[in-house]
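**Q** So here's coords-v7.pdb, just PDB, C-alpha atoms and all ligand atoms:
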```pdb
MODEL        1
ATOM      1  CA  MET A   1       0.000   0.000   0.000  1.00  0.00           C
ATOM      2  CA  ALA A   2       1.356   3.355  -1.017  1.00  0.00           C
ATOM      3  CA  ILE A   3      -0.463   6.598  -0.492  1.00  0.00           C
ATOM      4  CA  ARG A   4       1.116   9.200  -2.727  1.00  0.00           C
ATOM      5  CA  ASP A   5       1.049  12.982  -2.458  1.00  0.00           C
ATOM      6  CA  ILE A   6      -1.703  14.483  -4.583  1.00  0.00           C
ATOM      7  CA  VAL A   7      -0.538  17.172  -6.972  1.00  0.00           C
ATOM      8  CA  LYS A   8      -2.456  20.418  -6.442  1.00  0.00           C
ATOM      9  CA  TYR A   9      -3.584  23.075  -8.900  1.00  0.00           C
ATOM     10  CA  GLY A  10      -0.640  25.165 -10.065  1.00  0.00           C
ATOM     11  CA  ASP A  11       1.671  22.183 -10.554  1.00  0.00           C
ATOM     12  CA  PRO A  12       2.644  21.879 -14.251  1.00  0.00           C
ATOM     13  CA  ARG A  13       2.205  18.083 -14.166  1.00  0.00           C
ATOM     14  CA  LEU A  14      -1.569  18.582 -13.992  1.00  0.00           C
ATOM     15  CA  VAL A  15      -1.628  20.217 -17.412  1.00  0.00           C
ATOM     16  CA  ALA A  16       1.247  18.339 -19.065  1.00  0.00           C
ATOM     17  CA  ARG A  17       0.653  15.908 -21.927  1.00  0.00           C
ATOM     18  CA  ASN A  18      -0.219  12.408 -20.736  1.00  0.00           C
ATOM     19  CA  GLU A  19       1.296   9.579 -22.766  1.00  0.00           C
ATOM     20  CA  PRO A  20      -0.948   6.692 -23.825  1.00  0.00           C
ATOM     21  CA  LEU A  21      -0.027   3.359 -22.318  1.00  0.00           C
ATOM     22  CA  VAL A  22       1.318   1.155 -25.112  1.00  0.00           C
ATOM     23  CA  ALA A  23       2.371  -2.021 -23.291  1.00  0.00           C
ATOM     24  CA  PHE A  24       0.003  -3.698 -20.875  1.00  0.00           C
ATOM     25  CA  ASP A  25       2.841  -5.850 -19.534  1.00  0.00           C
ATOM     26  CA  ASP A  26       4.514  -2.607 -18.382  1.00  0.00           C
ATOM     27  CA  PRO A  27       6.049  -3.714 -15.059  1.00  0.00           C
ATOM     28  CA  GLU A  28       5.123  -0.347 -13.517  1.00  0.00           C
ATOM     29  CA  LEU A  29       1.393  -0.648 -14.285  1.00  0.00           C
ATOM     30  CA  PRO A  30       0.255  -2.820 -11.321  1.00  0.00           C
ATOM     31  CA  GLY A  31       2.053  -0.559  -8.846  1.00  0.00           C
ATOM     32  CA  LEU A  32       0.659   2.576 -10.483  1.00  0.00           C
ATOM     33  CA  LEU A  33      -2.906   1.218 -10.259  1.00  0.00           C
ATOM     34  CA  ARG A  34      -2.438   0.154  -6.646  1.00  0.00           C
ATOM     35  CA  ASP A  35      -1.059   3.577  -5.705  1.00  0.00           C
ATOM     36  CA  LEU A  36      -3.917   5.349  -7.518  1.00  0.00           C
ATOM     37  CA  LEU A  37      -6.522   3.274  -5.681  1.00  0.00           C
ATOM     38  CA  ASP A  38      -4.818   3.564  -2.289  1.00  0.00           C
ATOM     39  CA  THR A  39      -4.399   7.325  -2.665  1.00  0.00           C
ATOM     40  CA  CYS A  40      -7.955   7.782  -3.930  1.00  0.00           C
ATOM     41  CA  ARG A  41      -9.458   5.821  -1.009  1.00  0.00           C
ATOM     42  CA  ALA A  42      -7.320   7.592   1.575  1.00  0.00           C
ATOM     43  CA  ALA A  43      -8.142  11.076   0.276  1.00  0.00           C
ATOM     44  CA  PRO A  44     -11.098  10.084   0.096  1.00  0.00           C
ATOM     45  CA  GLY A  45     -12.265  10.562  -3.470  1.00  0.00           C
ATOM     46  CA  LEU A  46     -14.406   8.979  -6.167  1.00  0.00           C
ATOM     47  CA  GLY A  47     -11.665   8.928  -8.771  1.00  0.00           C
ATOM     48  CA  LEU A  48      -8.045   9.799  -9.400  1.00  0.00           C
ATOM     49  CA  ALA A  49      -5.973  10.271 -12.539  1.00  0.00           C
ATOM     50  CA  ALA A  50      -2.269   9.394 -12.836  1.00  0.00           C
ATOM     51  CA  PRO A  51      -1.122  13.007 -13.412  1.00  0.00           C
ATOM     52  CA  GLN A  52      -2.598  13.803  -9.979  1.00  0.00           C
ATOM     53  CA  ILE A  53       0.137  11.668  -8.441  1.00  0.00           C
ATOM     54  CA  GLY A  54       2.702  13.094 -10.851  1.00  0.00           C
ATOM     55  CA  VAL A  55       2.636  10.298 -13.451  1.00  0.00           C
ATOM     56  CA  ASN A  56       1.871  11.667 -16.916  1.00  0.00           C
ATOM     57  CA  LYS A  57       0.217   8.601 -18.392  1.00  0.00           C
ATOM     58  CA  ARG A  58      -3.354   8.101 -19.643  1.00  0.00           C
ATOM     59  CA  VAL A  59      -4.385   6.000 -16.660  1.00  0.00           C
ATOM     60  CA  ALA A  60      -7.141   6.713 -14.104  1.00  0.00           C
ATOM     61  CA  VAL A  61      -9.331   4.910 -11.593  1.00  0.00           C
ATOM     62  CA  VAL A  62     -12.932   5.490 -10.557  1.00  0.00           C
ATOM     63  CA  ASP A  63     -14.549   3.947  -7.488  1.00  0.00           C
ATOM     64  CA  LEU A  64     -17.881   5.398  -6.438  1.00  0.00           C
ATOM     65  CA  SER A  65     -17.849   3.071  -3.389  1.00  0.00           C
ATOM     66  CA  VAL A  66     -14.603   4.725  -2.130  1.00  0.00           C
ATOM     67  CA  GLY A  67     -12.970   1.416  -1.266  1.00  0.00           C
ATOM     68  CA  THR A  68     -15.961  -0.330   0.269  1.00  0.00           C
ATOM     69  CA  ASP A  69     -16.980  -2.469  -2.737  1.00  0.00           C
ATOM     70  CA  PRO A  70     -14.193  -3.925  -4.928  1.00  0.00           C
ATOM     71  CA  SER A  71     -16.721  -4.668  -7.698  1.00  0.00           C
ATOM     72  CA  GLN A  72     -17.141  -0.920  -8.244  1.00  0.00           C
ATOM     73  CA  VAL A  73     -13.476  -0.264  -9.056  1.00  0.00           C
ATOM     74  CA  ILE A  74     -13.124   0.802 -12.680  1.00  0.00           C
ATOM     75  CA  VAL A  75      -9.713   1.115 -14.304  1.00  0.00           C
ATOM     76  CA  LEU A  76      -9.538   3.501 -17.242  1.00  0.00           C
ATOM     77  CA  ILE A  77      -6.528   3.142 -19.525  1.00  0.00           C
ATOM     78  CA  ASN A  78      -6.337   5.334 -22.654  1.00  0.00           C
ATOM     79  CA  PRO A  79     -10.025   6.239 -22.237  1.00  0.00           C
ATOM     80  CA  VAL A  80     -11.912   8.158 -24.908  1.00  0.00           C
ATOM     81  CA  VAL A  81     -15.430   9.589 -24.704  1.00  0.00           C
ATOM     82  CA  VAL A  82     -17.190   8.243 -27.802  1.00  0.00           C
ATOM     83  CA  ASP A  83     -20.724   9.426 -27.070  1.00  0.00           C
ATOM     84  CA  ALA A  84     -22.385  11.889 -24.712  1.00  0.00           C
ATOM     85  CA  ALA A  85     -25.943  13.094 -24.241  1.00  0.00           C
ATOM     86  CA  GLY A  86     -27.875  15.419 -21.983  1.00  0.00           C
ATOM     87  CA  LEU A  87     -26.476  17.916 -19.516  1.00  0.00           C
ATOM     88  CA  ILE A  88     -26.693  18.087 -15.735  1.00  0.00           C
ATOM     89  CA  ARG A  89     -25.315  20.793 -13.505  1.00  0.00           C
ATOM     90  CA  ASP A  90     -24.248  19.537 -10.092  1.00  0.00           C
ATOM     91  CA  GLU A  91     -21.707  20.050  -7.326  1.00  0.00           C
ATOM     92  CA  GLU A  92     -18.295  18.668  -8.205  1.00  0.00           C
ATOM     93  CA  GLY A  93     -14.949  18.556  -6.463  1.00  0.00           C
ATOM     94  CA  CYS A  94     -11.407  17.572  -7.405  1.00  0.00           C
ATOM     95  CA  LEU A  95      -8.674  16.181  -5.148  1.00  0.00           C
ATOM     96  CA  SER A  96      -6.251  18.655  -6.754  1.00  0.00           C
ATOM     97  CA  PHE A  97      -8.472  21.478  -5.385  1.00  0.00           C
ATOM     98  CA  PRO A  98      -8.884  20.387  -1.751  1.00  0.00           C
ATOM     99  CA  ASP A  99     -12.048  21.541   0.040  1.00  0.00           C
ATOM    100  CA  ILE A 100     -13.495  23.244  -3.040  1.00  0.00           C
ATOM    101  CA  THR A 101     -16.730  22.220  -4.733  1.00  0.00           C
ATOM    102  CA  GLU A 102     -18.619  24.134  -7.373  1.00  0.00           C
ATOM    103  CA  LEU A 103     -21.435  23.657  -9.855  1.00  0.00           C
ATOM    104  CA  VAL A 104     -20.172  22.059 -13.053  1.00  0.00           C
ATOM    105  CA  GLU A 105     -22.169  21.068 -16.114  1.00  0.00           C
ATOM    106  CA  ARG A 106     -21.518  17.538 -17.391  1.00  0.00           C
ATOM    107  CA  PRO A 107     -23.221  15.096 -19.748  1.00  0.00           C
ATOM    108  CA  GLU A 108     -26.020  13.070 -18.205  1.00  0.00           C
ATOM    109  CA  ARG A 109     -24.947   9.952 -20.106  1.00  0.00           C
ATOM    110  CA  VAL A 110     -21.618   9.009 -21.648  1.00  0.00           C
ATOM    111  CA  THR A 111     -20.067   6.082 -23.428  1.00  0.00           C
ATOM    112  CA  LEU A 112     -16.334   5.540 -23.033  1.00  0.00           C
ATOM    113  CA  GLU A 113     -13.962   3.222 -24.771  1.00  0.00           C
ATOM    114  CA  ALA A 114     -11.058   2.262 -22.553  1.00  0.00           C
ATOM    115  CA  PHE A 115      -8.696  -0.581 -21.817  1.00  0.00           C
ATOM    116  CA  ASP A 116      -8.728  -2.356 -18.475  1.00  0.00           C
ATOM    117  CA  GLU A 117      -5.677  -3.461 -16.491  1.00  0.00           C
ATOM    118  CA  LYS A 118      -5.426  -6.671 -18.543  1.00  0.00           C
ATOM    119  CA  GLY A 119      -5.370  -4.769 -21.811  1.00  0.00           C
ATOM    120  CA  LEU A 120      -8.929  -5.701 -22.770  1.00  0.00           C
ATOM    121  CA  ARG A 121     -10.815  -3.064 -24.679  1.00  0.00           C
ATOM    122  CA  ARG A 122     -14.126  -2.234 -22.990  1.00  0.00           C
ATOM    123  CA  THR A 123     -17.106  -0.078 -23.833  1.00  0.00           C
ATOM    124  CA  LEU A 124     -18.470   1.569 -20.692  1.00  0.00           C
ATOM    125  CA  ASP A 125     -21.887   3.199 -20.491  1.00  0.00           C
ATOM    126  CA  ALA A 126     -22.551   5.484 -17.537  1.00  0.00           C
ATOM    127  CA  THR A 127     -25.176   7.886 -16.276  1.00  0.00           C
ATOM    128  CA  ASP A 128     -25.392  10.572 -13.605  1.00  0.00           C
ATOM    129  CA  LEU A 129     -22.598  10.468 -10.991  1.00  0.00           C
ATOM    130  CA  LEU A 130     -20.598   7.766 -12.782  1.00  0.00           C
ATOM    131  CA  ALA A 131     -20.834   9.713 -16.057  1.00  0.00           C
ATOM    132  CA  ARG A 132     -19.627  12.810 -14.176  1.00  0.00           C
ATOM    133  CA  ALA A 133     -16.696  10.892 -12.671  1.00  0.00           C
ATOM    134  CA  PHE A 134     -15.717   9.453 -16.070  1.00  0.00           C
ATOM    135  CA  CYS A 135     -15.796  12.871 -17.734  1.00  0.00           C
ATOM    136  CA  HIS A 136     -13.818  14.441 -14.880  1.00  0.00           C
ATOM    137  CA  GLU A 137     -11.051  11.807 -15.119  1.00  0.00           C
ATOM    138  CA  VAL A 138     -10.875  11.830 -18.932  1.00  0.00           C
ATOM    139  CA  ASP A 139     -10.529  15.617 -18.706  1.00  0.00           C
ATOM    140  CA  HIS A 140      -7.555  15.160 -16.333  1.00  0.00           C
ATOM    141  CA  LEU A 141      -5.915  12.881 -18.894  1.00  0.00           C
ATOM    142  CA  ASP A 142      -6.432  15.604 -21.495  1.00  0.00           C
ATOM    143  CA  GLY A 143      -4.767  18.108 -19.136  1.00  0.00           C
ATOM    144  CA  ARG A 144      -8.091  19.826 -18.527  1.00  0.00           C
ATOM    145  CA  LEU A 145      -9.218  20.793 -15.023  1.00  0.00           C
ATOM    146  CA  PHE A 146     -12.767  21.153 -13.727  1.00  0.00           C
ATOM    147  CA  ILE A 147     -12.421  24.913 -13.372  1.00  0.00           C
ATOM    148  CA  GLU A 148     -12.406  25.070 -17.180  1.00  0.00           C
ATOM    149  CA  ARG A 149     -15.925  23.603 -17.157  1.00  0.00           C
ATOM    150  CA  MET A 150     -17.283  26.290 -14.809  1.00  0.00           C
ATOM    151  CA  SER A 151     -18.788  29.623 -15.664  1.00  0.00           C
ATOM    152  CA  SER A 152     -16.158  32.367 -15.701  1.00  0.00           C
ATOM    153  CA  LEU A 153     -17.785  33.827 -12.586  1.00  0.00           C
ATOM    154  CA  LYS A 154     -17.374  30.605 -10.584  1.00  0.00           C
ATOM    155  CA  ARG A 155     -13.897  29.992 -12.000  1.00  0.00           C
ATOM    156  CA  GLY A 156     -12.832  33.432 -10.800  1.00  0.00           C
ATOM    157  CA  PHE A 157     -14.311  32.737  -7.384  1.00  0.00           C
ATOM    158  CA  VAL A 158     -12.415  29.426  -7.087  1.00  0.00           C
ATOM    159  CA  LEU A 159      -9.125  30.892  -8.313  1.00  0.00           C
ATOM    160  CA  ARG A 160      -9.318  33.737  -5.791  1.00  0.00           C
ATOM    161  CA  ARG A 161      -9.777  31.188  -3.002  1.00  0.00           C
ATOM    162  CA  VAL A 162      -6.777  29.213  -4.293  1.00  0.00           C
ATOM    163  CA  LEU A 163      -4.629  32.356  -4.517  1.00  0.00           C
ATOM    164  CA  LYS A 164      -5.552  33.337  -0.970  1.00  0.00           C
ATOM    165  CA  ARG A 165      -4.573  29.919   0.338  1.00  0.00           C
ATOM    166  CA  GLN A 166      -1.345  29.961  -1.686  1.00  0.00           C
ATOM    167  CA  ARG A 167      -0.432  33.294  -0.074  1.00  0.00           C
ATOM    168  CA  GLN A 168      -1.155  31.802   3.353  1.00  0.00           C
ATOM    169  CA  GLY A 169       1.081  28.830   2.524  1.00  0.00           C
ATOM    170  CA  ALA A 170      -1.950  26.570   2.860  1.00  0.00           C
ATOM    171  CA  TRP A 171      -1.970  25.075  -0.653  1.00  0.00           C
TER     172      TRP A 171
HETATM  173 NI    NI B 201      -9.972  15.893 -10.303  1.00  0.00          NI
ENDMDL
END
```
Do you think you could lay out the structure here as structure tokens?
**A**
Amino acid sequence: MAIRDIVKYGDPRLVARNEPLVAFDDPELPGLLRDLLDTCRAAPGLGLAAPQIGVNKRVAVVDLSVGTDPSQVIVLINPVVVDAAGLIRDEEGCLSFPDITELVERPERVTLEAFDEKGLRRTLDATDLLARAFCHEVDHLDGRLFIERMSSLKRGFVLRRVLKRQRQGAW
């Protein structure tokens, strides 16, 4: 078990390019997935993307049960949103923006194509909170943060809070 430090907003690794995984026998993959899940559960959070622990690869995990139901763990490797429909605005947070939640508009339903940890290609359909989590993590892998999905008013509000905490040395 390894709980890693979570990279916060302002760190260039959060917006760097994330390389697709090309070899599923990559000896570092099992450890990366374990660290993502351990760190996500400990935070606690519903999902975590590799760049959030400083690894710029297209790998993320989602677990709406936050470690209480292993059957709900979803590994997303090289995920792509292939279909999306509807829009819902709801409160959303991000472990790279501790203690901040804001209203963010996301698709109500999405379909992803992604590989699992064994290298099997899967088509994943999701609605509501799971759709939101998928979109949030795919955005991370595209170097896009949830503040970019907010209205400019709310984005400004969040960034002022971040700046204040940075000045206080509390970020
Ligand atoms: Ni996030």
**Q** Could you pull out the residues sitting within 12 Å of ligand NI 201 (chain B), using only C-alpha atoms and all ligand atoms, and write them as a ChimeraX atom specification?
**A** /A:6-9,14-15,40,43-53,60-62,92-101,132-149
**Q** Could you tell me how far atom CA of Leu130 of chain A lies from atom CA of Glu108 of chain A, in Å and to one decimal?
**A** 9.3 Å
**Q** Which is closer to Asn78 of chain A than all the others in A:Asp5, A:Asp38, A:Glu105, A:Glu19, using all atoms listed in the file?
**A**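 Checking each candidate against Asn78 of chain A, we get A:Glu19 as the closest.
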**Q** Residues within 7 Å of Ala85 of chain A, please, as a list in words. Count all atoms listed in the file; anything in the same chain fewer than 5 positions from it doesn't count.
**A**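 The residues that qualify are Pro107, Glu108, Arg109 and Val110 of chain A.
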**Q** Rounded to one decimal in Å, what is the spacing between atom CA of Ile3 of chain A and atom CA of Ala42 of chain A?
**A**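 Straight-line distance from atom CA of Ile3 of chain A to atom CA of Ala42 of chain A works out to 7.2 Å.
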**Q** Evaluate the PyMOL selection byres (((chain A and resi 116) around 9) and not hetatm) here and jot the selected residues down as a tab-separated table (two decimals) with C-alpha atoms, keeping the file's coordinate frame.
**A**
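As a result, result_19.tsv now contains:
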```tsv
chain	number	residue	atom	x	y	z
A	74	ILE	CA	-13.12	0.80	-12.68
A	75	VAL	CA	-9.71	1.12	-14.30
A	76	LEU	CA	-9.54	3.50	-17.24
A	77	ILE	CA	-6.53	3.14	-19.52
A	114	ALA	CA	-11.06	2.26	-22.55
A	115	PHE	CA	-8.70	-0.58	-21.82
A	117	GLU	CA	-5.68	-3.46	-16.49
A	118	LYS	CA	-5.43	-6.67	-18.54
A	119	GLY	CA	-5.37	-4.77	-21.81
A	120	LEU	CA	-8.93	-5.70	-22.77
A	121	ARG	CA	-10.82	-3.06	-24.68
A	122	ARG	CA	-14.13	-2.23	-22.99
```
**Q** In Å, rounded to a single decimal, give me how far atom CA of Gly54 of chain A is from atom CA of Arg155 of chain A.
**A**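 So the two atoms, atom CA of Arg155 of chain A and atom CA of Gly54 of chain A, lie 23.7 Å apart.
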**Q** Give me the residues near Asp35 of chain A as JSON, numbers by chain, where near means some atom within 7 Å (using all atoms listed in the file) and where sequence neighbours in that chain fewer than 3 positions away do not count.
**A** {"A": [1, 2, 3, 4, 31, 32, 38, 39]}
**Q** Ranking A:Val59, A:Ala16, A:Leu112, A:Val80 by minimum distance to Glu28 of chain A and counting only C-alpha atoms, which one comes first?
**A**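 Among the listed residues, the smallest separation from Glu28 of chain A belongs to A:Val59.
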**Q** With distances taken over all atoms listed in the file, which residue among A:Arg41, A:Leu124, A:Leu153, A:Leu103 lies nearest Asp69 of chain A?
**A**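 Nearest candidate to Asp69 of chain A out of A:Arg41, A:Leu124, A:Leu153, A:Leu103: A:Arg41.
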**Q** Build an axis-aligned box that encloses every atom of segment 130-148 of chain A listed in the file, pad it by 8 Å on each side, and report its centre and edge lengths in Å to one decimal, as lines of an AutoDock Vina configuration file.
**A**
```
center_x = -12.8
center_y = 16.4
center_z = -17.1
size_x = 32.1
size_y = 33.3
size_z = 24.8
```
**Q** Restricting the calculation to all atoms listed in the file: of A:Asp128, A:Glu113, A:Glu102, A:Asp26, which residue gets closest to Lys154 of chain A?
**A**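 Nearest candidate to Lys154 of chain A out of A:Asp128, A:Glu113, A:Glu102, A:Asp26: A:Glu102.
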**Q** Which of these residues is nearest to Pro79 of chain A, using all atoms listed in the file: A:Ser151, A:Gly10, A:Thr123, A:Leu33?
**A**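 Selected residue with least distance to Pro79 of chain A: A:Thr123.
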